[in-house]
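Participant: For reference, the structure I am asking about is given below.
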Amino acid sequence: QVQLVESGGGLVQAGGSLRLSCAASGFIFPINTLGWYRQAPGTQRELVATISGGGSTNYADSMKGRFTISRDNNKNTVSLQMSNLKPDDTAVYYCSVQLRGLTYWGQGTQVTVSS
């Protein structure tokens, strides 16, 4: 059973930092690409960043230089370090993996950035 459990969200002032973590289980973690997505109220879920099993990363343009995705294949975790946060970064952040054509999501963690 695939499980993705996010943690680390919270309330932070603009310009601050947060680190999100996602604990994964139920699949062969080291060979799969993991991703972080986010969804603000009234908007579609959007890509934040992805990281391949080999460590190659991809970021949405608005996150480049502020967010860093990383993974620990020994602990089956993927993290998202967010810095210089802006009120527009307020959203529920989700961890995701695609396996055999299916997309799996965690329950999400709320990030709120106050101005």
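Just so we're on the same page: first chain in the structure tokens is A, next is B, and so on; residues restart at 1 for each chain, and ligands are numbered from 1 in the order they show up.
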As a PyMOL selection string, please: all residues of range 17-111 of chain A that backbone DSSP puts in strand (DSSP E).
Facilitator: chain A and resi 18-25+34-39+46-51+57-59+67-72+77-82+91-99+102-105+109-111
Participant: Might you pull out every residue within 10 Å of Ser62 in chain A, with only C-alpha atoms counted and same-chain residues fewer than 4 positions away left off, and present them as a list of chain:residue names?
Facilitator: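 The residues that qualify are A:Val48, A:Arg66, A:Phe67, A:Asp89.
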Participant: Tell me, in Å to one decimal, how far CA of Ala23 in chain A is from CA of Ser114 in chain A.
Facilitator: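 Atom-to-atom, CA of Ala23 in chain A and CA of Ser114 in chain A are spaced 27.0 Å apart.
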Participant: Find the spatial neighbours of Gln13 in chain A, counting only C-alpha atoms, within a cut-off of 10 Å - ignore same-chain residues fewer than 2 positions away - and output them as a PyMOL selection string.
Facilitator: chain A and resi 11+15-17+84-87+112-115
Participant: Enter the distance from CA of Trp105 in chain A to CA of Tyr93 in chain A, in Å, rounded to one decimal.
Facilitator: 10.2 Å
Participant: Give me the residues within 7 Å of Asn76 in chain A as number ranges by chain, counting only C-alpha atoms and dropping any in the same chain fewer than 4 places off.
Facilitator: A: 23-24, 29, 72
Participant: Which parts of chain A does DSSP call helix (DSSP H, G or I) when run on the backbone here, written out as a list in words?
Facilitator: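 Those in chain A that DSSP calls helix (DSSP H, G or I) are Phe29, Pro30, Ile31, Asp61, Ser62, Met63, Pro87, Asp88 and Asp89 of chain A.
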Participant: Show which residues sit within 10 Å of Gln81 in chain A, as a VMD selection string. Count only C-alpha atoms, and ignore same-chain residues fewer than 2 positions away.
Facilitator: chain A and resid 17 to 21 66 to 70 79 83
Participant: With only C-alpha atoms as the atoms that count, which of A:Gln3, A:Asn73, A:Thr90, A:Thr109 lies nearest to Thr33 in chain A?
Facilitator: A:Asn73
Participant: Excluding Ile28 in chain A and residues on its chain fewer than 6 positions from it, collect all residues at most 12 Å away from it, counting only C-alpha atoms, and give them as a list in words.
Facilitator: Gln1, Val2, Gln3, Leu34, Gly53, Asn73, Asn74, Lys75, Asn76, Thr77, Val97, Gln98 and Leu99 of chain A
Participant: When you count only C-alpha atoms, which of these residues is closest to Phe27 in chain A: A:Gly55, A:Cys95, A:Leu4, A:Leu80?
Facilitator: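 Using only C-alpha atoms, the shortest distance to Phe27 in chain A belongs to A:Leu4.
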Participant: Within 9 Å of Gln39 in chain A, counting only C-alpha atoms, which residues show up once you throw out same-chain ones fewer than 2 positions away? Write them as a PyMOL selection string, please.
Facilitator: chain A and resi 37+41-46+90-94
Participant: For Val5 in chain A, which of A:Thr103, A:Ser52, A:Ser96, A:Asn32 is the closest residue, counting only C-alpha atoms?
Facilitator: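 Ranked by minimum distance to Val5 in chain A, first place goes to A:Ser96.
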